[in-house]
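> Below is input-v7.tsv; it holds TSV, C-alpha atoms.
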chain	number	residue	atom	x	y	z
J	1	MET	CA	-3.05	92.48	14.58
J	2	GLY	CA	-1.99	89.65	16.79
J	3	LEU	CA	0.13	91.95	18.90
J	4	ALA	CA	-2.63	94.52	19.25
J	5	LYS	CA	-4.99	91.83	20.45
J	6	LYS	CA	-2.45	90.69	22.98
J	7	ASN	CA	-2.05	94.23	24.26
J	8	ARG	CA	-5.77	94.60	24.65
J	9	ASN	CA	-5.87	91.45	26.72
J	10	PHE	CA	-3.17	92.80	28.98
J	11	SER	CA	-4.89	96.15	29.43
J	12	PHE	CA	-8.04	94.31	30.41
J	13	LEU	CA	-6.09	92.36	33.00
J	14	PHE	CA	-4.46	95.55	34.24
J	15	LEU	CA	-7.85	97.25	34.65
J	16	LEU	CA	-9.12	94.25	36.57
J	17	LEU	CA	-6.17	94.37	38.94
J	18	LEU	CA	-6.52	98.11	39.38
J	19	SER	CA	-10.22	97.88	40.20
J	20	GLY	CA	-9.45	95.09	42.68
J	21	ALA	CA	-6.78	97.18	44.37
J	22	LEU	CA	-9.08	100.22	44.45
J	23	SER	CA	-11.90	98.24	46.04
J	24	GLN	CA	-9.44	96.96	48.65
J	25	LEU	CA	-8.40	100.55	49.38
J	26	ALA	CA	-12.02	101.61	49.62
J	27	LYS	CA	-12.67	98.76	52.06
J	28	ALA	CA	-9.78	99.76	54.31
J	29	ASP	CA	-10.79	103.40	54.24
J	30	SER	CA	-14.51	102.96	54.67
J	31	TYR	CA	-14.47	102.27	58.40
J	32	CYS	CA	-15.25	105.46	60.33
J	33	HIS	CA	-13.58	105.58	63.70
J	34	TRP	CA	-15.56	106.74	66.68
J	35	ALA	CA	-14.79	107.99	70.17
J	36	LEU	CA	-16.25	106.35	73.24
J	37	VAL	CA	-17.29	108.62	76.09
J	38	SER	CA	-19.16	108.11	79.34
J	39	GLU	CA	-22.58	109.71	79.62
J	40	ASN	CA	-24.16	109.45	83.08
J	41	GLY	CA	-21.96	106.42	83.71
J	42	LEU	CA	-23.03	104.62	80.53
J	43	PRO	CA	-20.88	104.15	77.41
J	44	ALA	CA	-21.85	106.51	74.63
J	45	ILE	CA	-20.73	107.60	71.17
J	46	GLU	CA	-21.76	111.21	70.71
J	47	LYS	CA	-20.98	111.96	67.08
J	48	PRO	CA	-22.94	110.20	64.29
J	49	LEU	CA	-20.82	107.60	62.46
J	50	CYS	CA	-19.06	109.25	59.50
J	51	GLY	CA	-21.17	112.32	60.31
J	52	LEU	CA	-24.16	110.73	58.55
J	53	LYS	CA	-27.81	111.50	59.15
J	54	GLY	CA	-30.23	108.64	59.72
J	55	ASP	CA	-33.61	107.95	58.12
J	56	ALA	CA	-36.24	106.38	60.40
J	57	HIS	CA	-38.25	104.82	57.55
J	58	ARG	CA	-35.20	102.98	56.22
J	59	GLY	CA	-34.23	102.11	59.79
J	60	LYS	CA	-37.51	100.25	60.27
J	61	LYS	CA	-36.86	98.14	57.17
J	62	ILE	CA	-33.35	97.29	58.37
J	63	ALA	CA	-34.60	96.36	61.85
J	64	ILE	CA	-37.08	93.87	60.39
J	65	ASP	CA	-34.99	92.48	57.51
J	66	ARG	CA	-33.53	89.08	58.44
J	67	GLY	CA	-30.50	89.66	56.22
J	68	MET	CA	-29.67	93.08	57.69
J	69	GLY	CA	-30.24	94.27	61.25
J	70	ASN	CA	-32.79	91.61	62.19
J	71	CYS	CA	-33.38	93.35	65.55
J	72	LEU	CA	-36.68	91.45	65.71
J	73	ALA	CA	-34.80	88.14	66.02
J	74	CYS	CA	-33.97	88.92	69.63
J	75	HIS	CA	-36.08	91.94	70.68
J	76	ALA	CA	-39.82	92.51	70.88
J	77	MET	CA	-40.67	95.77	69.11
J	78	PRO	CA	-43.78	98.00	69.07
J	79	ILE	CA	-44.76	96.74	65.61
J	80	PRO	CA	-47.52	94.16	66.26
J	81	GLU	CA	-48.08	93.71	62.52
J	82	GLU	CA	-44.85	91.68	62.36
J	83	ASP	CA	-44.84	88.02	63.50
J	84	PHE	CA	-42.30	86.22	65.66
J	85	HIS	CA	-40.75	88.77	67.99
J	86	GLY	CA	-37.64	87.39	69.71
J	87	GLN	CA	-37.31	87.06	73.48
J	88	ILE	CA	-33.55	87.09	73.97
J	89	GLY	CA	-32.92	90.79	74.51
J	90	PRO	CA	-35.06	93.29	76.41
J	91	PRO	CA	-38.18	94.60	74.60
J	92	LEU	CA	-37.49	97.85	72.77
J	93	HIS	CA	-40.75	99.56	73.75
J	94	GLY	CA	-39.94	103.01	75.05
J	95	VAL	CA	-36.21	102.57	74.49
J	96	ALA	CA	-35.88	106.24	73.56
J	97	LEU	CA	-37.04	107.15	77.07
J	98	ARG	CA	-34.35	105.01	78.70
J	99	TYR	CA	-31.34	105.85	76.57
J	100	SER	CA	-30.01	108.88	74.77
J	101	GLU	CA	-29.04	108.84	71.11
J	102	ALA	CA	-25.34	108.60	72.03
J	103	GLN	CA	-25.96	105.68	74.41
J	104	LEU	CA	-28.00	103.83	71.79
J	105	ARG	CA	-25.19	104.33	69.28
J	106	ALA	CA	-22.66	102.69	71.60
J	107	ARG	CA	-24.99	99.74	72.16
J	108	ILE	CA	-25.54	99.15	68.46
J	109	VAL	CA	-21.94	99.73	67.40
J	110	ASP	CA	-20.69	97.14	69.88
J	111	ALA	CA	-22.90	95.83	72.69
J	112	THR	CA	-19.89	94.33	74.45
J	113	LEU	CA	-18.86	97.91	75.32
J	114	VAL	CA	-21.84	97.88	77.69
J	115	ASN	CA	-21.82	94.21	78.71
J	116	PRO	CA	-18.75	92.11	77.87
J	117	GLN	CA	-20.85	88.91	78.01
J	118	SER	CA	-23.54	90.17	75.63
J	119	ILE	CA	-24.76	87.86	72.87
J	120	MET	CA	-25.67	90.87	70.69
J	121	PRO	CA	-23.53	91.21	67.57
J	122	GLY	CA	-21.49	94.41	67.22
J	123	PHE	CA	-23.13	95.99	64.21
J	124	TYR	CA	-20.27	98.40	63.63
J	125	ARG	CA	-17.42	96.60	65.34
J	126	HIS	CA	-14.11	96.88	63.53
J	127	PRO	CA	-13.83	93.90	61.10
J	128	ASP	CA	-10.38	93.02	62.45
J	129	LYS	CA	-11.86	92.33	65.87
J	130	HIS	CA	-13.79	89.27	64.73
J	131	HIS	CA	-12.45	85.77	65.21
J	132	ARG	CA	-12.44	83.43	62.17
J	133	LEU	CA	-14.52	85.82	60.09
J	134	ALA	CA	-15.83	84.06	56.97
J	135	PHE	CA	-13.92	84.99	53.83
J	136	ARG	CA	-16.84	86.76	52.17
J	137	TYR	CA	-17.31	89.09	55.14
J	138	GLU	CA	-13.67	90.07	55.41
J	139	GLY	CA	-13.17	93.81	55.90
J	140	LYS	CA	-16.90	94.40	56.28
J	141	THR	CA	-18.92	95.58	59.23
J	142	PHE	CA	-22.26	93.93	60.01
J	143	LEU	CA	-24.17	97.06	58.97
J	144	SER	CA	-22.88	100.09	57.13
J	145	ALA	CA	-22.45	103.34	59.08
J	146	GLN	CA	-25.47	104.77	57.23
J	147	HIS	CA	-27.65	101.80	58.22
J	148	VAL	CA	-26.57	102.06	61.87
J	149	GLU	CA	-27.57	105.72	61.87
J	150	ASP	CA	-30.91	104.80	60.22
J	151	VAL	CA	-31.66	102.26	62.96
J	152	ILE	CA	-30.75	104.76	65.71
J	153	THR	CA	-33.08	107.36	64.19
J	154	TYR	CA	-35.84	104.73	64.04
J	155	LEU	CA	-35.26	103.65	67.66
J	156	LEU	CA	-35.51	107.27	68.83
J	157	THR	CA	-39.16	107.23	67.75
J	158	PHE	CA	-39.96	104.59	70.42
J	159	LYS	CA	-41.22	107.03	73.02
J	160	GLU	CA	-44.06	104.99	74.50
J	161	GLN	CA	-43.56	102.43	77.22
X	1	MET	CA	-20.39	96.75	104.56
X	2	LYS	CA	-18.63	96.97	101.24
X	3	PHE	CA	-16.35	94.10	102.19
X	4	SER	CA	-19.17	91.78	103.23
X	5	ARG	CA	-20.98	92.53	99.99
X	6	MET	CA	-17.83	91.62	98.11
X	7	VAL	CA	-17.53	88.34	100.01
X	8	LEU	CA	-21.19	87.59	99.25
X	9	GLY	CA	-20.54	88.32	95.59
X	10	TRP	CA	-17.59	85.98	95.48
X	11	LEU	CA	-19.59	83.26	97.22
X	12	MET	CA	-22.39	83.65	94.68
X	13	LEU	CA	-19.93	83.51	91.80
X	14	TYR	CA	-18.32	80.42	93.28
X	15	SER	CA	-21.59	78.56	93.72
X	16	MET	CA	-22.62	79.58	90.20
X	17	GLN	CA	-19.45	78.09	88.82
X	18	ILE	CA	-20.25	74.79	90.47
X	19	ASN	CA	-23.89	74.70	89.40
X	20	ALA	CA	-23.34	76.21	85.99
X	21	GLN	CA	-21.29	73.25	84.75
X	22	PHE	CA	-24.05	71.81	82.63
X	23	PRO	CA	-27.80	72.32	82.46
X	24	ASP	CA	-30.05	69.28	82.89
X	25	PRO	CA	-29.90	67.74	79.44
X	26	VAL	CA	-33.03	68.04	77.31
X	27	SER	CA	-33.17	66.31	73.94
X	28	GLY	CA	-33.94	68.31	70.80
X	29	TYR	CA	-36.89	65.92	70.50
X	30	ASP	CA	-38.70	67.75	73.28
X	31	PHE	CA	-38.51	71.00	71.32
X	32	LEU	CA	-40.33	69.47	68.32
X	33	SER	CA	-44.02	69.61	67.62
X	34	LYS	CA	-46.03	66.42	68.07
X	35	ASP	CA	-46.36	65.61	64.36
X	36	ILE	CA	-42.59	65.85	63.80
X	37	GLN	CA	-42.00	63.65	66.85
X	38	GLU	CA	-44.32	61.07	65.28
X	39	ILE	CA	-42.31	61.14	62.05
X	40	GLN	CA	-39.14	60.39	64.02
X	41	ASP	CA	-40.75	57.59	66.01
X	42	ASP	CA	-42.25	55.85	62.98
X	43	GLU	CA	-39.72	53.54	61.36
X	44	PHE	CA	-41.46	53.82	57.99
X	45	LEU	CA	-41.95	57.59	58.02
X	46	ASN	CA	-38.52	58.55	59.41
X	47	PRO	CA	-36.55	59.94	56.42
X	48	GLY	CA	-33.29	58.87	58.07
X	49	MET	CA	-34.11	55.16	57.81
X	50	PRO	CA	-32.89	54.68	54.21
X	51	THR	CA	-29.44	55.78	55.40
X	52	VAL	CA	-29.61	53.23	58.22
X	53	GLU	CA	-30.56	50.63	55.63
X	54	LEU	CA	-27.64	51.66	53.42
X	55	GLY	CA	-25.31	51.47	56.41
X	56	SER	CA	-26.48	47.97	57.27
X	57	GLN	CA	-25.72	46.91	53.69
X	58	ILE	CA	-22.19	48.33	53.78
X	59	PHE	CA	-21.79	46.63	57.16
X	60	THR	CA	-22.09	43.20	55.51
X	61	GLU	CA	-20.17	44.00	52.32
X	62	SER	CA	-16.60	42.84	51.96
X	63	GLU	CA	-13.87	43.10	49.39
X	64	ALA	CA	-12.65	39.82	47.92
X	65	GLY	CA	-10.98	37.74	50.61
X	66	GLU	CA	-11.39	40.39	53.31
X	67	LYS	CA	-13.70	40.43	56.29
X	68	SER	CA	-16.82	42.58	56.44
X	69	CYS	CA	-17.83	44.47	59.59
X	70	GLY	CA	-20.46	41.76	60.04
X	71	SER	CA	-17.86	38.96	60.11
X	72	CYS	CA	-16.81	40.03	63.61
X	73	HIS	CA	-19.76	42.07	64.91
X	74	GLY	CA	-22.65	39.91	63.63
X	75	GLU	CA	-24.45	40.34	60.30
X	76	GLU	CA	-26.90	42.77	61.90
X	77	GLY	CA	-24.39	44.17	64.36
X	78	GLU	CA	-25.98	42.15	67.15
X	79	LEU	CA	-22.58	41.44	68.76
X	80	LEU	CA	-21.86	45.16	69.26
X	81	ASN	CA	-22.15	46.44	72.82
X	82	LYS	CA	-24.79	49.18	72.99
X	83	ASN	CA	-23.28	50.86	76.04
X	84	ASN	CA	-19.96	50.91	74.24
X	85	ILE	CA	-21.51	52.59	71.18
X	86	ALA	CA	-23.02	55.19	73.50
X	87	SER	CA	-19.63	55.94	75.06
X	88	TYR	CA	-18.13	57.59	71.96
X	89	PRO	CA	-16.13	59.80	71.49
X	90	ALA	CA	-13.93	57.62	73.69
X	91	TYR	CA	-10.25	57.34	74.52
X	92	GLN	CA	-8.58	54.50	72.59
X	93	PRO	CA	-5.56	53.13	74.47
X	94	ALA	CA	-4.37	51.29	71.34
X	95	TYR	CA	-4.17	54.56	69.38
X	96	GLU	CA	-3.41	56.77	72.39
X	97	THR	CA	-6.03	59.26	71.25
X	98	VAL	CA	-9.75	59.97	71.39
X	99	HIS	CA	-11.80	58.50	68.56
X	100	THR	CA	-15.26	59.61	67.52
X	101	LEU	CA	-17.57	56.74	66.62
X	102	GLN	CA	-16.90	57.43	62.95
X	103	GLU	CA	-13.13	57.29	63.48
X	104	ARG	CA	-13.53	54.04	65.41
X	105	ILE	CA	-15.43	52.56	62.46
X	106	HIS	CA	-12.81	53.89	60.07
X	107	ALA	CA	-10.02	52.36	62.18
X	108	CYS	CA	-11.70	48.98	61.72
X	109	TRP	CA	-12.15	49.71	58.01
X	110	THR	CA	-8.45	50.39	57.38
X	111	ASP	CA	-6.68	48.32	60.06
X	112	LYS	CA	-8.84	45.20	60.49
X	113	GLN	CA	-10.33	45.00	56.99
X	114	ASP	CA	-7.34	46.48	55.17
X	115	ARG	CA	-9.57	48.60	52.93
X	116	PHE	CA	-8.73	51.83	51.15
X	117	PRO	CA	-9.00	54.77	53.60
X	118	LEU	CA	-11.96	57.14	53.35
X	119	LEU	CA	-12.14	60.84	54.14
X	120	TYR	CA	-13.95	61.97	57.27
X	121	ASP	CA	-17.70	62.27	56.59
X	122	ASP	CA	-17.52	60.15	53.47
X	123	PRO	CA	-21.13	59.16	52.65
X	124	LYS	CA	-20.21	55.53	53.33
X	125	LEU	CA	-18.85	56.41	56.77
X	126	ILE	CA	-21.89	58.53	57.61
X	127	ALA	CA	-24.14	55.62	56.60
X	128	LEU	CA	-22.12	53.19	58.71
X	129	GLU	CA	-22.06	55.55	61.68
X	130	THR	CA	-25.81	56.12	61.36
X	131	PHE	CA	-26.45	52.37	61.25
X	132	VAL	CA	-24.15	51.53	64.17
X	133	ARG	CA	-25.44	54.34	66.37
X	134	SER	CA	-29.04	53.50	65.53
X	135	LEU	CA	-28.38	50.04	67.04
X	136	ALA	CA	-27.99	51.81	70.39
X	137	ARG	CA	-31.28	53.72	70.10
X	138	GLY	CA	-32.65	54.21	73.60
X	139	THR	CA	-29.30	53.63	75.29
X	140	GLU	CA	-28.07	56.42	77.56
X	141	ILE	CA	-25.01	58.34	76.40
X	142	ASN	CA	-22.03	57.76	78.71
X	143	VAL	CA	-19.01	59.69	77.48
X	144	GLU	CA	-16.08	59.63	79.88
X	145	VAL	CA	-13.04	61.83	80.29
X	146	ASN	CA	-9.78	60.44	81.66
X	147	GLU	CA	-6.31	61.79	82.38
X	148	GLN	CA	-5.10	61.31	78.82
X	149	SER	CA	-8.15	62.84	77.15
X	150	ARG	CA	-8.67	65.82	79.46
X	151	ALA	CA	-6.72	68.17	77.19
X	152	LEU	CA	-9.09	67.51	74.26
X	153	TYR	CA	-12.11	67.99	76.53
X	154	GLN	CA	-10.74	71.31	77.73
X	155	GLN	CA	-10.05	72.41	74.16
X	156	GLY	CA	-13.68	71.58	73.39
X	157	GLU	CA	-14.87	73.68	76.30
X	158	GLN	CA	-12.76	76.63	75.13
X	159	LEU	CA	-14.14	76.39	71.60
X	160	TYR	CA	-17.68	76.09	72.95
X	161	LYS	CA	-17.24	79.37	74.79
X	162	LYS	CA	-15.35	81.24	72.07
X	163	ARG	CA	-16.97	83.93	69.95
X	164	PHE	CA	-16.89	83.18	66.22
X	165	GLY	CA	-17.54	85.17	63.07
X	166	GLN	CA	-19.25	88.44	62.39
X	167	MET	CA	-22.13	87.44	64.70
X	168	ALA	CA	-19.49	87.02	67.41
X	169	MET	CA	-21.62	84.58	69.37
X	170	THR	CA	-20.52	81.49	71.27
X	171	CYS	CA	-22.19	78.07	71.26
X	172	HIS	CA	-22.72	78.65	74.98
X	173	HIS	CA	-24.78	81.81	74.35
X	174	CYS	CA	-27.56	80.14	72.36
X	175	HIS	CA	-27.54	76.59	73.65
X	176	VAL	CA	-26.96	77.13	77.37
X	177	GLN	CA	-27.69	80.73	78.32
X	178	TYR	CA	-30.75	81.24	76.09
X	179	GLN	CA	-31.99	77.68	75.61
X	180	GLY	CA	-35.76	77.41	75.28
X	181	VAL	CA	-36.05	81.10	74.32
X	182	PHE	CA	-37.46	82.23	70.98
X	183	MET	CA	-35.04	83.69	68.44
X	184	ARG	CA	-37.50	85.08	65.93
X	185	GLY	CA	-39.52	81.99	64.90
X	186	ARG	CA	-37.16	79.39	66.33
X	187	LYS	CA	-36.96	78.08	69.85
X	188	LEU	CA	-33.31	77.64	70.81
X	189	THR	CA	-32.51	74.07	71.80
X	190	GLN	CA	-29.63	72.80	73.92
X	191	GLY	CA	-27.90	71.58	70.79
X	192	GLN	CA	-27.47	68.07	72.17
X	193	THR	CA	-25.67	65.40	70.18
X	194	ASN	CA	-27.90	62.41	70.98
X	195	GLY	CA	-29.77	62.47	67.66
X	196	PHE	CA	-26.76	62.60	65.34
X	197	PRO	CA	-26.20	61.58	62.63
X	198	GLY	CA	-29.75	62.71	62.06
X	199	TYR	CA	-32.10	63.72	59.29
X	200	ARG	CA	-32.59	67.47	58.89
X	201	PHE	CA	-35.39	69.09	56.94
X	202	THR	CA	-33.28	72.15	56.13
X	203	SER	CA	-30.65	70.14	54.26
X	204	ASP	CA	-32.88	67.16	53.35
X	205	ARG	CA	-30.26	64.55	54.19
X	206	VAL	CA	-28.78	62.67	57.08
X	207	THR	CA	-26.30	65.12	58.54
X	208	SER	CA	-23.26	64.20	60.60
X	209	LEU	CA	-22.43	66.22	63.67
X	210	HIS	CA	-19.42	67.85	62.01
X	211	ARG	CA	-21.51	68.99	59.05
X	212	ARG	CA	-23.99	70.43	61.53
X	213	PHE	CA	-21.10	72.35	63.11
X	214	ASN	CA	-20.27	73.68	59.64
X	215	GLU	CA	-23.81	74.95	59.22
X	216	CYS	CA	-23.64	76.67	62.61
X	217	PHE	CA	-20.40	78.37	61.64
X	218	VAL	CA	-21.89	79.60	58.37
X	219	GLU	CA	-24.80	81.06	60.32
X	220	LEU	CA	-22.34	82.85	62.58
X	221	ARG	CA	-20.67	84.21	59.40
X	222	ALA	CA	-17.49	82.45	60.50
X	223	GLU	CA	-15.00	80.33	58.58
X	224	PRO	CA	-15.81	76.70	59.48
X	225	PHE	CA	-13.15	74.21	60.56
X	226	ALA	CA	-12.70	71.08	58.44
X	227	THR	CA	-14.87	68.06	59.13
X	228	GLY	CA	-12.83	65.59	61.13
X	229	SER	CA	-10.52	68.37	62.37
X	230	GLN	CA	-9.09	68.36	65.87
X	231	GLU	CA	-11.30	71.35	66.71
X	232	TYR	CA	-14.54	69.61	65.73
X	233	LYS	CA	-13.48	66.44	67.52
X	234	ALA	CA	-12.84	68.49	70.66
X	235	LEU	CA	-16.28	70.09	70.33
X	236	GLU	CA	-17.91	66.70	69.77
X	237	TYR	CA	-16.15	65.34	72.84
X	238	TYR	CA	-17.17	68.22	75.08
X	239	MET	CA	-20.75	68.13	73.79
X	240	GLY	CA	-20.82	64.36	74.23
X	241	VAL	CA	-20.17	64.85	77.95
X	242	MET	CA	-22.93	67.50	77.98
X	243	SER	CA	-25.32	64.94	76.47
X	244	ASN	CA	-24.55	62.29	79.08
X	245	GLY	CA	-27.74	60.66	80.32
X	246	LEU	CA	-29.77	61.41	77.19
X	247	LYS	CA	-30.98	58.47	75.14
X	248	ILE	CA	-29.59	57.99	71.64
X	249	GLU	CA	-32.17	58.83	68.96
X	250	THR	CA	-30.16	58.27	65.76
X	251	PRO	CA	-31.52	58.88	63.19
X	252	ALA	CA	-33.31	61.82	64.81
X	253	VAL	CA	-35.53	64.15	62.77
X	254	ARG	CA	-34.73	67.83	63.22
X	255	PHE	CA	-35.00	71.17	61.47
As structure tokens - that is how I would like this structure written.

Amino acid sequence: MGLAKKNRNFSFLFLLLLSGALSQLAKADSYCHWALVSENGLPAIEKPLCGLKGDAHRGKKIAIDRGMGNCLACHAMPIPEEDFHGQIGPPLHGVALRYSEAQLRARIVDATLVNPQSIMPGFYRHPDKHHRLAFRYEGKTFLSAQHVEDVITYLLTFKEQ
Amino acid sequence: MKFSRMVLGWLMLYSMQINAQFPDPVSGYDFLSKDIQEIQDDEFLNPGMPTVELGSQIFTESEAGEKSCGSCHGEEGELLNKNNIASYPAYQPAYETVHTLQERIHACWTDKQDRFPLLYDDPKLIALETFVRSLARGTEINVEVNEQSRALYQQGEQLYKKRFGQMAMTCHHCHVQYQGVFMRGRKLTQGQTNGFPGYRFTSDRVTSLHRRFNECFVELRAEPFATGSQEYKALEYYMGVMSNGLKIETPAVRF
């Protein structure tokens, strides 16, 4: 009885370790690599991240949410119903007229590809490229590949200046 | 044509480097609304005053047979030189290193009063620092850099312009390049040090400069340095020079 109980404890521990190791593996594998190309002289990433398809409705939520994309912190957007539009970056009105989907993807994945001095966070920069990343964000990108694609799809609806 | 344009570009870059040293300093006070400014100015409304009071008590306390701070500097600190208080962080020839005001107080605490050492940002030290710095309210900050301390200053400058965390922003981005600009609901200030230690509504306590650094690092999703670390001292030193000319407001009231 005592022995059986002990064994059960060990198996529990083993499962815990295994799940930890698996989640680590998943973390390392989950980053989708992308290829940078030049499109009309501007950096661009042609293929969708991980081959995912974006959803504009979800993209809007992510762009507004302070804990996610928070695009509104720095950019004015054509959504007057929201308060406090930021003034740091250029307004996003008509951004789909100025940039192609591939160019937008490069800007959101890592704005320093376009301007090395940019203040804009790289929303899909490789986690290893950050300096002194806080422990809880280790191995994570700012947004998931799916969320980046959602935001791009949403931005492509901004067709009025 | 191409060559002359290049020369012009270099000239512009060169002149920018000279001018872009520091912006004209503006206190965080000027970014506040009128009612918050009134809270800071009113001795009875200012939520930082109890900490000043606590500091003034510790200033006169002594362990049996030992001196208190007040034994040498006056019971109300009246013998302290205000310009000297406003010159910290300052190079200390006796220790051959730069001391922040808090370290200077702690050096007195351990060496002159022979008391048990305290950790950096101990509540007692924050109270003492708040009290001592509040004595120099209205005095212009005059932090100096000399031959021996230049290395620390340069380290501070490097840290100020280094990207940290998942946000990958530098101090310089928000507090120099985009100062006065709205980031969502907040207007970015210059992040000057003249109000610290100061009361902050967001943490509801008197916050030391190093704890404020910690909060900035957390916002950047970066791993903070330790309070009292060489890195934070370097930052405090560099930012002290940036704040030169501003009047001390400790305890300031900020968000």
> Show me, as a ChimeraX atom specification, the residues that have an atom within 8 Å of region 51-54 of chain X when counting only C-alpha atoms, minus same-chain residues fewer than 5 positions from it.
/X:127-128,130-131,134,206,251
> Any chance you can output those residues with C-alpha atoms as a PDB file, in the coordinates of the input?

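The file below, selection17.pdb, is the result:
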ATOM      1  CA  ALA X 127     -24.140  55.620  56.600  1.00  0.00           C
ATOM      2  CA  LEU X 128     -22.120  53.190  58.710  1.00  0.00           C
ATOM      3  CA  THR X 130     -25.810  56.120  61.360  1.00  0.00           C
ATOM      4  CA  PHE X 131     -26.450  52.370  61.250  1.00  0.00           C
ATOM      5  CA  SER X 134     -29.040  53.500  65.530  1.00  0.00           C
ATOM      6  CA  VAL X 206     -28.780  62.670  57.080  1.00  0.00           C
ATOM      7  CA  PRO X 251     -31.520  58.880  63.190  1.00  0.00           C
TER       8      PRO X 251
END
> Could you check how far CA of Arg150 (chain X) sits from CA of Glu96 (chain X), in Å to one decimal?
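Calculated distance between CA of Arg150 (chain X) and CA of Glu96 (chain X) is 12.6 Å.
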> Using all atoms listed in the file and a distance of at most 8 Å, pull out the residues of chain X that contact chain J, as a PDB file with C-alpha atoms, keeping the file's coordinate frame.

ATOM      1  CA  ARG X 163     -16.970  83.930  69.950  1.00  0.00           C
ATOM      2  CA  PHE X 164     -16.890  83.180  66.220  1.00  0.00           C
ATOM      3  CA  GLY X 165     -17.540  85.170  63.070  1.00  0.00           C
ATOM      4  CA  GLN X 166     -19.250  88.440  62.390  1.00  0.00           C
ATOM      5  CA  MET X 167     -22.130  87.440  64.700  1.00  0.00           C
ATOM      6  CA  ALA X 168     -19.490  87.020  67.410  1.00  0.00           C
ATOM      7  CA  MET X 169     -21.620  84.580  69.370  1.00  0.00           C
ATOM      8  CA  THR X 170     -20.520  81.490  71.270  1.00  0.00           C
ATOM      9  CA  HIS X 173     -24.780  81.810  74.350  1.00  0.00           C
ATOM     10  CA  TYR X 178     -30.750  81.240  76.090  1.00  0.00           C
ATOM     11  CA  VAL X 181     -36.050  81.100  74.320  1.00  0.00           C
ATOM     12  CA  PHE X 182     -37.460  82.230  70.980  1.00  0.00           C
ATOM     13  CA  MET X 183     -35.040  83.690  68.440  1.00  0.00           C
ATOM     14  CA  ARG X 184     -37.500  85.080  65.930  1.00  0.00           C
ATOM     15  CA  GLY X 185     -39.520  81.990  64.900  1.00  0.00           C
ATOM     16  CA  VAL X 218     -21.890  79.600  58.370  1.00  0.00           C
ATOM     17  CA  ARG X 221     -20.670  84.210  59.400  1.00  0.00           C
ATOM     18  CA  ALA X 222     -17.490  82.450  60.500  1.00  0.00           C
ATOM     19  CA  GLU X 223     -15.000  80.330  58.580  1.00  0.00           C
ATOM     20  CA  PRO X 224     -15.810  76.700  59.480  1.00  0.00           C
TER      21      PRO X 224
END
> So which residues are close to (-28.1, 51.5, 61.5), meaning at most 12 Å away in the file's coordinates with only C-alpha atoms counted, and can you show them as number ranges by chain?
X: 43, 48-60, 75-78, 80, 85, 125-137, 196-198, 249-251
> By how many Å are CA of Gln148 (chain X) and CA of Gln21 (chain X) apart?
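Going from CA of Gln148 (chain X) over to CA of Gln21 (chain X) covers 21.0 Å.
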> Could you list, as a ChimeraX atom specification, every residue within 8 Å of Ile62 (chain J), counting all atoms listed in the file and ignoring same-chain residues fewer than 6 positions away?
/J:68-70,147,151
> I need every residue sitting at most 10 Å from the point (-39.9, 61.9, 61.7) (coordinates as in the file, all atoms listed in the file considered), written as a PyMOL selection string.
chain X and resi 34-49+199-201+251-254
> To one decimal place, how far is CA of Gln192 (chain X) from CA of Glu157 (chain X) in Å?
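That distance, rounded to one decimal, is 14.4 Å.
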> Using all atoms listed in the file, which residues sit within 6 Å of region 138-140 of chain X once same-chain residues fewer than 6 positions away are excluded, as a PyMOL selection string?
chain X and resi 245-248
> Output C-alpha atoms for every residue in the selection just made, as an mmCIF file, in the coordinates of the input.

data_model
loop_
_atom_site.group_PDB
_atom_site.id
_atom_site.type_symbol
_atom_site.label_atom_id
_atom_site.label_comp_id
_atom_site.auth_asym_id
_atom_site.auth_seq_id
_atom_site.Cartn_x
_atom_site.Cartn_y
_atom_site.Cartn_z
ATOM 1 C CA GLY X 245 -27.740 60.660 80.320
ATOM 2 C CA LEU X 246 -29.770 61.410 77.190
ATOM 3 C CA LYS X 247 -30.980 58.470 75.140
ATOM 4 C CA ILE X 248 -29.590 57.990 71.640
#
> List the neighbours of Leu155 (chain J) out to 8 Å using only C-alpha atoms; skip same-chain residues closer than 2 positions along the sequence, and give me the result as a list in words.
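After dropping sequence-adjacent residues, the list is Ala56, Val95, Ala96, Val151, Ile152, Thr153, Thr157 and Phe158 of chain J.
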> Generate a file of the selected residues that holds C-alpha atoms, formatted as a short mmCIF file (atom, residue, chain, number, x, y, z; two decimals), in the frame of the given file.

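Listing of out_8.cif after writing:
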data_model
loop_
_atom_site.label_atom_id
_atom_site.label_comp_id
_atom_site.auth_asym_id
_atom_site.auth_seq_id
_atom_site.Cartn_x
_atom_site.Cartn_y
_atom_site.Cartn_z
CA ALA J 56 -36.24 106.38 60.40
CA VAL J 95 -36.21 102.57 74.49
CA ALA J 96 -35.88 106.24 73.56
CA VAL J 151 -31.66 102.26 62.96
CA ILE J 152 -30.75 104.76 65.71
CA THR J 153 -33.08 107.36 64.19
CA THR J 157 -39.16 107.23 67.75
CA PHE J 158 -39.96 104.59 70.42
#
